[in-house]
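Reproduced below: structure-v2.csv, with CSV, C-alpha atoms.
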chain,number,residue,atom,x,y,z
A,1,MET,CA,-19.8,9.9,11.2
A,2,ALA,CA,-19.4,11.6,7.9
A,3,LYS,CA,-18.7,10.6,4.3
A,4,CYS,CA,-15.1,11.3,3.3
A,5,THR,CA,-14.8,13.6,0.3
A,6,VAL,CA,-11.8,11.7,-1.0
A,7,CYS,CA,-12.4,8.0,-0.4
A,8,LYS,CA,-16.2,8.2,0.0
A,9,ARG,CA,-16.1,5.9,3.0
A,10,ASP,CA,-18.3,6.7,6.1
A,11,ARG,CA,-15.8,7.4,8.8
A,12,GLU,CA,-15.7,8.8,12.3
A,13,HIS,CA,-13.4,11.6,13.6
A,14,CYS,CA,-13.4,13.4,10.2
A,15,GLU,CA,-11.8,16.8,9.7
A,16,ILE,CA,-14.7,19.1,8.7
A,17,ILE,CA,-13.8,22.1,6.5
A,18,PRO,CA,-16.6,24.7,6.1
A,19,LEU,CA,-16.8,26.2,2.6
A,20,THR,CA,-16.8,29.9,2.2
A,21,GLU,CA,-19.3,31.7,0.0
A,22,ALA,CA,-16.7,32.2,-2.7
A,23,GLU,CA,-16.0,28.4,-2.7
A,24,ARG,CA,-19.7,27.6,-2.9
A,25,THR,CA,-20.1,30.0,-5.8
A,26,ALA,CA,-17.1,28.2,-7.5
A,27,PHE,CA,-18.9,24.9,-7.1
A,28,LYS,CA,-22.1,26.4,-8.6
A,29,ARG,CA,-20.0,27.6,-11.6
A,30,LEU,CA,-18.8,24.1,-12.1
A,31,GLY,CA,-22.4,22.9,-12.4
A,32,ASN,CA,-23.2,21.8,-8.9
A,33,ASP,CA,-26.4,23.7,-8.1
A,34,ASN,CA,-26.6,22.5,-4.5
A,35,PRO,CA,-23.0,22.7,-3.2
A,36,PRO,CA,-22.2,21.3,0.2
A,37,LYS,CA,-21.8,23.7,3.2
A,38,GLU,CA,-18.7,21.7,4.4
A,39,LEU,CA,-16.4,19.0,3.2
A,40,ALA,CA,-15.4,16.1,5.4
A,41,TYR,CA,-12.0,14.3,5.2
A,42,CYS,CA,-11.3,11.1,7.1
A,43,GLN,CA,-8.1,10.9,9.1
A,44,PRO,CA,-6.1,8.7,6.7
A,45,CYS,CA,-7.0,10.9,3.7
A,46,TRP,CA,-6.4,14.0,5.7
A,47,LYS,CA,-2.9,12.8,6.6
A,48,THR,CA,-2.2,12.1,2.9
A,49,LEU,CA,-3.5,15.6,1.9
A,50,SER,CA,-1.4,17.2,4.6
A,51,ASP,CA,1.8,15.7,3.4
A,52,PRO,CA,3.8,18.0,1.1
A,53,ILE,CA,5.0,15.0,-1.0
A,54,SER,CA,2.1,12.6,-1.1
A,55,ALA,CA,-0.6,15.3,-1.5
A,56,PRO,CA,0.8,16.6,-4.9
A,57,ALA,CA,1.4,13.0,-6.1
A,58,PHE,CA,-2.2,12.1,-5.2
A,59,MET,CA,-3.7,15.1,-6.8
A,60,LYS,CA,-1.6,14.6,-10.0
A,61,GLY,CA,-2.7,10.9,-10.1
A,62,LEU,CA,-6.3,11.8,-9.7
A,63,PHE,CA,-6.1,14.6,-12.3
A,64,GLN,CA,-4.3,12.3,-14.8
A,65,THR,CA,-6.8,9.4,-14.2
A,66,GLN,CA,-9.8,11.7,-14.7
A,67,LEU,CA,-8.3,13.3,-17.8
A,68,LYS,CA,-7.6,9.9,-19.3
A,69,GLN,CA,-11.2,8.7,-18.6
A,70,LEU,CA,-12.4,11.8,-20.5
A,71,GLY,CA,-10.2,10.8,-23.4
A,72,VAL,CA,-7.7,13.7,-23.2
A,73,ALA,CA,-4.7,12.8,-25.4
A,74,ASN,CA,-2.0,14.7,-23.5
A,75,ALA,CA,-3.3,13.8,-20.1
A,76,GLU,CA,0.1,12.8,-18.7
A,77,ASP,CA,1.8,16.0,-19.9
A,78,LEU,CA,-1.0,18.2,-18.4
A,79,ALA,CA,-0.8,16.2,-15.1
A,80,SER,CA,2.9,16.6,-14.9
A,81,LYS,CA,2.6,20.4,-15.4
A,82,PHE,CA,-0.1,20.4,-12.7
A,83,HIS,CA,2.2,18.4,-10.4
A,84,THR,CA,5.1,20.9,-10.9
A,85,GLU,CA,2.8,23.8,-10.0
A,86,LEU,CA,1.6,22.0,-6.9
A,87,LEU,CA,5.2,21.2,-5.8
A,88,LYS,CA,6.1,24.8,-6.1
A,89,LYS,CA,3.2,25.8,-3.9
A,90,ALA,CA,3.9,23.0,-1.4
A,91,SER,CA,7.5,23.9,-0.9
A,92,LYS,CA,6.7,27.5,0.0
A,93,PRO,CA,7.5,28.2,3.7
A,94,ARG,CA,4.4,28.7,5.8
A,95,SER,CA,4.4,32.1,7.6
B,1,MET,CA,7.1,-13.9,21.9
B,2,ILE,CA,7.5,-16.6,19.3
B,3,THR,CA,5.8,-19.7,20.7
B,4,LYS,CA,6.8,-23.2,19.7
B,5,PRO,CA,3.6,-23.7,17.6
B,6,LEU,CA,4.1,-20.3,15.9
B,7,ARG,CA,7.7,-21.2,15.1
B,8,ARG,CA,6.6,-24.4,13.4
B,9,THR,CA,3.8,-22.6,11.6
B,10,LEU,CA,6.3,-20.0,10.3
B,11,LYS,CA,8.6,-22.8,9.1
B,12,LEU,CA,5.8,-24.5,7.2
B,13,TYR,CA,4.5,-21.2,5.8
B,14,ARG,CA,7.9,-20.3,4.5
B,15,ALA,CA,8.4,-23.6,2.8
B,16,GLY,CA,4.9,-23.5,1.3
B,17,ALA,CA,5.3,-19.9,0.0
B,18,THR,CA,8.7,-20.8,-1.6
B,19,GLN,CA,7.1,-23.8,-3.3
B,20,LEU,CA,4.1,-21.8,-4.6
B,21,ALA,CA,6.4,-19.0,-5.9
B,22,ALA,CA,8.5,-21.6,-7.7
B,23,ASP,CA,5.4,-23.2,-9.2
B,24,PHE,CA,4.1,-19.8,-10.3
B,25,TRP,CA,7.3,-18.8,-12.1
B,26,GLN,CA,7.6,-22.2,-13.8
B,27,LYS,CA,4.0,-22.0,-15.1
B,28,LEU,CA,4.4,-18.3,-16.2
B,29,LEU,CA,7.7,-18.9,-18.0
B,30,LEU,CA,6.3,-21.9,-19.8
B,31,GLN,CA,3.1,-20.2,-20.9
B,32,ALA,CA,4.3,-16.6,-21.5
B,33,ASN,CA,5.3,-15.8,-25.0
B,34,GLN,CA,6.2,-12.2,-24.2
B,35,PRO,CA,9.5,-11.2,-22.5
B,36,LEU,CA,9.3,-9.8,-18.9
B,37,ALA,CA,9.8,-6.0,-18.6
B,38,CYS,CA,11.1,-6.2,-15.0
B,39,GLN,CA,14.7,-5.2,-14.4
B,40,ARG,CA,16.8,-4.0,-11.5
B,41,GLY,CA,16.4,-0.2,-10.9
B,42,CYS,CA,12.8,-0.1,-12.0
B,43,SER,CA,10.9,0.5,-8.8
B,44,ASN,CA,7.4,1.3,-10.0
B,45,CYS,CA,5.8,-1.6,-8.1
B,46,CYS,CA,7.5,-0.4,-4.9
B,47,TYR,CA,5.1,2.5,-4.9
B,48,GLN,CA,2.0,0.4,-5.2
B,49,PRO,CA,-0.1,-0.5,-2.2
B,50,LEU,CA,1.2,-3.6,-0.4
B,51,THR,CA,-0.7,-5.5,2.2
B,52,MET,CA,0.4,-8.7,3.8
B,53,THR,CA,-0.3,-10.9,6.8
B,54,LEU,CA,1.1,-10.9,10.3
B,55,LEU,CA,3.1,-14.1,9.5
B,56,ASP,CA,4.8,-12.3,6.6
B,57,GLY,CA,5.5,-9.4,8.9
B,58,ILE,CA,7.3,-11.6,11.4
B,59,ILE,CA,9.4,-13.2,8.6
B,60,VAL,CA,10.5,-9.8,7.1
B,61,TYR,CA,11.2,-8.4,10.6
B,62,GLN,CA,13.3,-11.5,11.6
B,63,TRP,CA,15.3,-11.3,8.4
B,64,LEU,CA,16.0,-7.6,8.9
B,65,ALA,CA,17.0,-8.1,12.5
B,66,ASP,CA,19.2,-11.2,11.7
B,67,ASN,CA,21.0,-9.2,9.0
B,68,HIS,CA,21.5,-6.1,11.3
B,69,LEU,CA,19.3,-4.0,9.1
B,70,TRP,CA,16.7,-3.1,11.7
B,71,THR,CA,18.4,0.2,12.4
B,72,SER,CA,16.9,3.3,13.9
B,73,ASP,CA,16.7,4.8,10.5
B,74,ILE,CA,14.7,1.9,9.0
B,75,GLN,CA,12.5,1.8,12.1
B,76,LYS,CA,11.7,5.4,11.6
B,77,ARG,CA,10.8,4.8,8.0
B,78,PHE,CA,8.5,1.9,8.9
B,79,LYS,CA,6.8,4.0,11.6
B,80,GLU,CA,6.2,6.9,9.2
B,81,THR,CA,4.9,4.6,6.4
B,82,SER,CA,2.7,2.7,8.8
B,83,ASP,CA,1.3,6.0,10.1
B,84,ARG,CA,0.6,7.2,6.5
B,85,THR,CA,-1.0,4.0,5.2
B,86,ALA,CA,-3.1,2.9,8.2
B,87,ASN,CA,-6.7,2.6,7.1
B,88,LEU,CA,-5.9,4.5,3.9
B,89,ALA,CA,-8.2,3.5,1.0
B,90,LEU,CA,-6.3,1.5,-1.6
B,91,GLU,CA,-7.1,3.9,-4.4
B,92,VAL,CA,-5.8,6.8,-2.4
B,93,TRP,CA,-2.7,4.9,-1.4
B,94,MET,CA,-2.1,3.9,-5.1
B,95,LEU,CA,-2.3,7.5,-6.3
B,96,SER,CA,-0.2,9.0,-3.4
B,97,MET,CA,3.0,7.2,-4.6
B,98,ILE,CA,4.0,6.3,-1.0
B,99,PRO,CA,7.3,4.3,-1.4
B,100,CYS,CA,7.9,1.0,0.3
B,101,PRO,CA,10.1,1.6,3.4
B,102,LEU,CA,12.5,-1.1,2.1
B,103,LEU,CA,13.1,0.7,-1.2
B,104,ASP,CA,16.7,2.1,-1.3
B,105,SER,CA,16.2,5.5,-2.7
B,106,GLU,CA,19.7,5.6,-4.3
B,107,THR,CA,20.0,2.1,-5.9
B,108,LYS,CA,16.2,1.7,-6.4
B,109,ALA,CA,16.6,-1.8,-5.1
B,110,CYS,CA,14.9,-3.7,-2.3
B,111,MET,CA,16.8,-3.8,0.9
B,112,ALA,CA,15.3,-7.2,1.9
B,113,TYR,CA,15.1,-8.8,-1.5
B,114,GLN,CA,15.8,-12.3,-0.1
B,115,ALA,CA,13.0,-12.0,2.4
B,116,ARG,CA,10.5,-10.0,0.4
B,117,PRO,CA,6.9,-11.0,0.9
B,118,PHE,CA,5.1,-13.4,-1.4
B,119,VAL,CA,3.2,-10.6,-3.3
B,120,CYS,CA,6.5,-9.1,-4.3
B,121,ARG,CA,8.0,-12.5,-5.2
B,122,ILE,CA,5.3,-13.1,-7.8
B,123,ALA,CA,5.2,-9.6,-9.1
B,124,PHE,CA,5.9,-9.3,-12.8
B,125,SER,CA,5.1,-7.2,-15.8
B,126,HIS,CA,5.3,-7.6,-19.6
B,127,ASN,CA,5.0,-3.9,-20.1
B,128,GLU,CA,6.5,-1.4,-17.7
B,129,TYR,CA,4.1,1.3,-18.9
B,130,PHE,CA,1.4,-0.3,-16.9
B,131,CYS,CA,3.4,-0.5,-13.7
B,132,HIS,CA,3.3,3.2,-12.7
B,133,PRO,CA,0.7,3.6,-10.0
B,134,HIS,CA,-1.0,6.5,-11.8
B,135,ARG,CA,-1.8,4.2,-14.7
B,136,PHE,CA,-3.6,1.6,-12.5
B,137,MET,CA,-6.9,2.1,-14.2
B,138,GLU,CA,-5.4,1.3,-17.6
B,139,ALA,CA,-3.5,-1.7,-16.1
B,140,MET,CA,-6.8,-3.0,-14.7
B,141,GLU,CA,-8.4,-2.8,-18.1
B,142,ALA,CA,-5.4,-4.7,-19.6
B,143,ALA,CA,-5.9,-7.3,-16.7
B,144,PRO,CA,-2.4,-8.8,-16.6
B,145,TYR,CA,-2.7,-10.0,-13.0
B,146,GLU,CA,-4.9,-13.2,-13.3
B,147,PRO,CA,-2.1,-15.7,-12.7
B,148,ARG,CA,-1.0,-13.8,-9.5
B,149,LYS,CA,-4.6,-13.9,-8.2
B,150,VAL,CA,-4.6,-17.7,-8.3
B,151,SER,CA,-1.3,-18.0,-6.5
B,152,LEU,CA,-2.3,-15.5,-3.8
B,153,LEU,CA,-5.5,-17.3,-3.2
B,154,ALA,CA,-3.6,-20.6,-2.8
B,155,LEU,CA,-1.2,-19.0,-0.3
B,156,ALA,CA,-4.1,-17.5,1.7
B,157,LYS,CA,-5.8,-20.9,1.9
B,158,MET,CA,-2.6,-22.6,3.0
B,159,GLU,CA,-1.9,-19.9,5.6
B,160,GLU,CA,-5.4,-20.1,7.0
B,161,ALA,CA,-5.1,-23.9,7.3
B,162,LEU,CA,-1.8,-23.7,9.1
B,163,LEU,CA,-3.0,-21.1,11.6
B,164,LYS,CA,-6.3,-22.8,12.1
B,165,LYS,CA,-4.5,-25.8,13.7
B,166,HIS,CA,-3.4,-23.5,16.5
B,167,ARG,CA,-6.7,-21.5,16.6
B,168,LEU,CA,-4.9,-18.4,15.3
B,169,PRO,CA,-6.6,-15.9,12.9
B,170,ARG,CA,-5.1,-14.8,9.6
B,171,VAL,CA,-4.6,-11.0,9.8
B,172,VAL,CA,-4.0,-8.8,6.8
B,173,LEU,CA,-2.3,-5.4,7.3
B,174,PRO,CA,-0.5,-2.7,5.4
B,175,PHE,CA,3.1,-3.8,4.8
B,176,ALA,CA,4.8,-1.5,7.3
B,177,THR,CA,2.2,-2.1,10.0
B,178,ALA,CA,2.6,-5.8,9.6
B,179,VAL,CA,6.4,-5.6,10.1
B,180,LEU,CA,6.0,-3.4,13.2
B,181,HIS,CA,3.6,-5.9,14.7
B,182,GLY,CA,6.1,-8.7,13.7
B,183,GLU,CA,8.8,-6.8,15.6
B,184,ALA,CA,6.5,-6.6,18.7
B,185,ILE,CA,5.8,-10.3,18.6
B,186,CYS,CA,9.5,-11.2,18.3
B,187,THR,CA,10.8,-8.8,20.9
B,188,THR,CA,8.1,-8.4,23.6
B,189,LYS,CA,6.0,-10.8,25.7
B,190,ALA,CA,3.0,-10.2,23.5
B,191,ASP,CA,2.2,-13.3,21.4
B,192,TYR,CA,0.5,-13.6,18.0
B,193,MET,CA,-3.0,-13.6,19.5
B,194,ASP,CA,-2.4,-10.6,21.7
B,195,ARG,CA,-1.3,-8.6,18.6
B,196,ALA,CA,-4.3,-9.8,16.6
B,197,LYS,CA,-6.7,-8.7,19.4
B,198,LEU,CA,-4.9,-5.3,19.5
B,199,ILE,CA,-5.3,-4.9,15.7
B,200,TRP,CA,-9.0,-5.7,15.9
B,201,LEU,CA,-9.5,-3.2,18.8
B,202,LYS,CA,-7.8,-0.5,16.8
B,203,GLU,CA,-10.0,-1.4,13.8
B,204,LEU,CA,-13.2,-1.2,15.9
B,205,ARG,CA,-12.1,2.2,17.3
B,206,GLY,CA,-11.3,3.4,13.8
B,207,ASP,CA,-7.7,4.3,14.7
Now that the file is in, can you turn its structure into structure tokens?
Amino acid sequence: MAKCTVCKRDREHCEIIPLTEAERTAFKRLGNDNPPKELAYCQPCWKTLSDPISAPAFMKGLFQTQLKQLGVANAEDLASKFHTELLKKASKPRS
Amino acid sequence: MITKPLRRTLKLYRAGATQLAADFWQKLLLQANQPLACQRGCSNCCYQPLTMTLLDGIIVYQWLADNHLWTSDIQKRFKETSDRTANLALEVWMLSMIPCPLLDSETKACMAYQARPFVCRIAFSHNEYFCHPHRFMEAMEAAPYEPRKVSLLALAKMEEALLKKHRLPRVVLPFATAVLHGEAICTTKADYMDRAKLIWLKELRGD
């Protein structure tokens, strides 16, 4: 049983992703003095994040919502740009 | 397997839901002083999370089968959507823009408009800006959904009372999953209660 990083629910059979030192340092730079050693993702959220269409849409939506809550005026434009970048990355063939 | 009591329950449920939807629209159109923003081709609400009960699932499946629309292509879409939305948190579902499997991607219209579930029948908006799933936080602040809540609660009460007569539980599921269970009830020997037990077992196992 672990708490999902995305939906914050306690779920079983989570995908556990250990963080590298570089990623932990990035967390610290963002103000988290005690970054986690690993991130857990429940199966439904993992499926969403593994999907090349729903993952960018979800991340765009999350980004847009958070920017709006912070009062950023052009939140939707910034989120759209972010979405375009994510789609470019998602469509790259895996090799 | 659709048993005789279930057939009767479905008939009463359909009639009750139609009446409630008619009452809802009558009240809304009498009270509202703003025009509706909804129009054919706008499919924003088809990307919002949609849950419904097993009874609704049976009704939608039966309509699709009767109208020869339960094709292999549509079945594949339902299975994929069911797989993607099973146990998914509503907020994550909302932001992921997962389309309803009945949304025609070309015409942006519902393929089963006549048999659409009650939630869709009473969907409305006075401002299409708030319909986009990524603006749901703003929409919640604007709180335009109060009349819908009242109708949904009334329908839930009516459904519960109808099912209680036959000692059947009311089961709420993601839309695609409900229709797939509806198909199983209509086409296999499994009855309503068998499927309800299966759903609970899956829930307990965390599938």
At most 8 Å to chain B: residues in chain A, all atoms listed in the file, as a JSON list (two decimals) with C-alpha atoms, keeping the file's coordinate frame:
[["chain", "number", "residue", "atom", "x", "y", "z"],
["A", 6, "VAL", "CA", -11.80, 11.70, -1.00],
["A", 7, "CYS", "CA", -12.40, 8.00, -0.40],
["A", 11, "ARG", "CA", -15.80, 7.40, 8.80],
["A", 12, "GLU", "CA", -15.70, 8.80, 12.30],
["A", 44, "PRO", "CA", -6.10, 8.70, 6.70],
["A", 45, "CYS", "CA", -7.00, 10.90, 3.70],
["A", 47, "LYS", "CA", -2.90, 12.80, 6.60],
["A", 48, "THR", "CA", -2.20, 12.10, 2.90],
["A", 54, "SER", "CA", 2.10, 12.60, -1.10],
["A", 55, "ALA", "CA", -0.60, 15.30, -1.50],
["A", 56, "PRO", "CA", 0.80, 16.60, -4.90],
["A", 57, "ALA", "CA", 1.40, 13.00, -6.10],
["A", 58, "PHE", "CA", -2.20, 12.10, -5.20],
["A", 59, "MET", "CA", -3.70, 15.10, -6.80],
["A", 61, "GLY", "CA", -2.70, 10.90, -10.10],
["A", 62, "LEU", "CA", -6.30, 11.80, -9.70],
["A", 64, "GLN", "CA", -4.30, 12.30, -14.80],
["A", 65, "THR", "CA", -6.80, 9.40, -14.20]]
CA of His126 in chain B to CA of Pro35 in chain B, straight-line distance in Å: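 Computed distance, CA of Pro35 in chain B to CA of His126 in chain B, equals 6.2 Å.
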From CA of Pro117 in chain B to CA of Leu20 in chain B the spacing works out at 12.4 Å
Please provide as a list in words all residues within 12 Å of Phe27 in chain A, with the sequence filter that same-chain residues fewer than 6 positions apart are discarded (counting all atoms listed in the file).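 My reading of the contact set: Leu19, Thr20, Glu21, Asp33, Asn34, Pro35, Pro36, Lys37 and Glu38 of chain A.
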Go ahead and save the picked residues with C-alpha atoms, as a compact mmCIF listing (two decimals), in the frame of the given file.
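Output file out.txt is given in full below:
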# COMPACT_ATOMS: atom_id res chain seq x y z
CA LEU A 19 -16.80 26.20 2.60
CA THR A 20 -16.80 29.90 2.20
CA GLU A 21 -19.30 31.70 0.00
CA ASP A 33 -26.40 23.70 -8.10
CA ASN A 34 -26.60 22.50 -4.50
CA PRO A 35 -23.00 22.70 -3.20
CA PRO A 36 -22.20 21.30 0.20
CA LYS A 37 -21.80 23.70 3.20
CA GLU A 38 -18.70 21.70 4.40
Just the number, please: distance in Å from CA of Glu85 in chain A to CA of Asp51 in chain A, one decimal.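 Distance reported for this atom pair: 15.7 Å.
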Neighbouring residues of Glu160 in chain B were defined as those with any atom within 12 Å, considering all atoms listed in the file; residues of the same chain fewer than 3 positions away were excluded. Please report them as an MDAnalysis selection string. chainID B and resid 9 13 53:55 153:157 163:172
Go ahead and save the picked residues with C-alpha atoms, as a short mmCIF file (atom, residue, chain, number, x, y, z; two decimals), keeping the file's coordinate frame.
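Just written: result26.cif:
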data_model
loop_
_atom_site.label_atom_id
_atom_site.label_comp_id
_atom_site.auth_asym_id
_atom_site.auth_seq_id
_atom_site.Cartn_x
_atom_site.Cartn_y
_atom_site.Cartn_z
CA THR B 9 3.80 -22.60 11.60
CA TYR B 13 4.50 -21.20 5.80
CA THR B 53 -0.30 -10.90 6.80
CA LEU B 54 1.10 -10.90 10.30
CA LEU B 55 3.10 -14.10 9.50
CA LEU B 153 -5.50 -17.30 -3.20
CA ALA B 154 -3.60 -20.60 -2.80
CA LEU B 155 -1.20 -19.00 -0.30
CA ALA B 156 -4.10 -17.50 1.70
CA LYS B 157 -5.80 -20.90 1.90
CA LEU B 163 -3.00 -21.10 11.60
CA LYS B 164 -6.30 -22.80 12.10
CA LYS B 165 -4.50 -25.80 13.70
CA HIS B 166 -3.40 -23.50 16.50
CA ARG B 167 -6.70 -21.50 16.60
CA LEU B 168 -4.90 -18.40 15.30
CA PRO B 169 -6.60 -15.90 12.90
CA ARG B 170 -5.10 -14.80 9.60
CA VAL B 171 -4.60 -11.00 9.80
CA VAL B 172 -4.00 -8.80 6.80
#
Would you kindly identify which residues have an atom no farther than 12 Å from (-5.6, -5.3, -19.2), using all atoms listed in the file and the file's own coordinates, and write them out as a PyMOL selection string? chain B and resi 125-127+129-131+135-146
Mind checking which residues fall within 8 Å of Leu50 in chain B, counting only C-alpha atoms, ignoring those fewer than 3 positions away in the same chain, and posting them as a list in words? Val119, Pro174 and Phe175 of chain B
Name the residues, using the chain letters and numbers of the file, that sit within 7 Å of (8.2, -15.4, 19.5) when counting all atoms listed in the file, and give them as a list in words.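 In the file's frame, the residues around the point are Met1, Ile2, Thr3, Ile185, Cys186 and Asp191 of chain B.
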Residue neighbourhood Pro147 in chain B, 12 Å, only C-alpha atoms, exclusion window fewer than 6 positions, as a PyMOL selection string: chain B and resi 20-21+23-29+31-32+119+122-125+153-154
All residues 12 Å or closer to Met1 in chain A, all atoms listed in the file, same chain fewer than 5 positions away omitted, as JSON, numbers by chain: {"A": [8, 9, 10, 11, 12, 13, 14, 15, 16, 40, 41, 42, 43], "B": [206]}
Taking C-alpha atoms for each residue, export the selection above as a PDB file, in the frame of the given file.
ATOM      1  CA  LYS A   8     -16.200   8.200   0.000  1.00  0.00           C
ATOM      2  CA  ARG A   9     -16.100   5.900   3.000  1.00  0.00           C
ATOM      3  CA  ASP A  10     -18.300   6.700   6.100  1.00  0.00           C
ATOM      4  CA  ARG A  11     -15.800   7.400   8.800  1.00  0.00           C
ATOM      5  CA  GLU A  12     -15.700   8.800  12.300  1.00  0.00           C
ATOM      6  CA  HIS A  13     -13.400  11.600  13.600  1.00  0.00           C
ATOM      7  CA  CYS A  14     -13.400  13.400  10.200  1.00  0.00           C
ATOM      8  CA  GLU A  15     -11.800  16.800   9.700  1.00  0.00           C
ATOM      9  CA  ILE A  16     -14.700  19.100   8.700  1.00  0.00           C
ATOM     10  CA  ALA A  40     -15.400  16.100   5.400  1.00  0.00           C
ATOM     11  CA  TYR A  41     -12.000  14.300   5.200  1.00  0.00           C
ATOM     12  CA  CYS A  42     -11.300  11.100   7.100  1.00  0.00           C
ATOM     13  CA  GLN A  43      -8.100  10.900   9.100  1.00  0.00           C
TER      14      GLN A  43
ATOM     15  CA  GLY B 206     -11.300   3.400  13.800  1.00  0.00           C
TER      16      GLY B 206
END
With all atoms listed in the file as the atoms that count, which of B:Phe78, B:Phe118, B:Tyr47, B:Trp70 lies nearest to Gln19 in chain B? B:Phe118
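Candidate residues B:Thr81, B:Thr188, B:Gln114, B:Thr18 were compared for distance to Ala176 in chain B, and the nearest is B:Thr81, using all atoms listed in the file.
Distances here use all atoms listed in the file; by that measure, the residue among A:Ile53, A:Ala73, A:Ala26, A:Leu39 closest to Lys88 in chain A is A:Ile53.
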Output range 7-18 of chain A as a short mmCIF file (atom, residue, chain, number, x, y, z; two decimals), in the coordinates of the input, making sure N, CA and C atoms are there.
data_model
loop_
_atom_site.label_atom_id
_atom_site.label_comp_id
_atom_site.auth_asym_id
_atom_site.auth_seq_id
_atom_site.Cartn_x
_atom_site.Cartn_y
_atom_site.Cartn_z
N CYS A 7 -12.22 9.46 -0.19
CA CYS A 7 -12.40 8.00 -0.40
C CYS A 7 -13.83 7.54 -0.36
N LYS A 8 -14.73 8.45 -0.03
CA LYS A 8 -16.20 8.20 0.00
C LYS A 8 -16.61 7.14 1.00
N ARG A 9 -15.75 6.90 2.00
CA ARG A 9 -16.10 5.90 3.00
C ARG A 9 -16.76 6.69 4.21
N ASP A 10 -17.71 6.05 4.90
CA ASP A 10 -18.30 6.70 6.10
C ASP A 10 -17.32 6.45 7.25
N ARG A 11 -16.77 7.52 7.79
CA ARG A 11 -15.80 7.40 8.80
C ARG A 11 -16.06 8.34 10.00
N GLU A 12 -15.53 7.95 11.17
CA GLU A 12 -15.70 8.80 12.30
C GLU A 12 -14.42 9.72 12.45
N HIS A 13 -14.49 10.69 13.33
CA HIS A 13 -13.40 11.60 13.60
C HIS A 13 -12.89 12.33 12.32
N CYS A 14 -13.82 12.72 11.46
CA CYS A 14 -13.40 13.40 10.20
C CYS A 14 -13.03 14.85 10.50
N GLU A 15 -12.16 15.37 9.65
CA GLU A 15 -11.80 16.80 9.70
C GLU A 15 -12.93 17.49 8.85
N ILE A 16 -13.61 18.46 9.43
CA ILE A 16 -14.70 19.10 8.70
C ILE A 16 -14.22 20.53 8.31
N ILE A 17 -14.27 20.79 7.03
CA ILE A 17 -13.80 22.10 6.50
C ILE A 17 -15.06 22.84 5.96
N PRO A 18 -15.48 23.92 6.63
CA PRO A 18 -16.60 24.70 6.10
C PRO A 18 -16.21 25.43 4.83
#
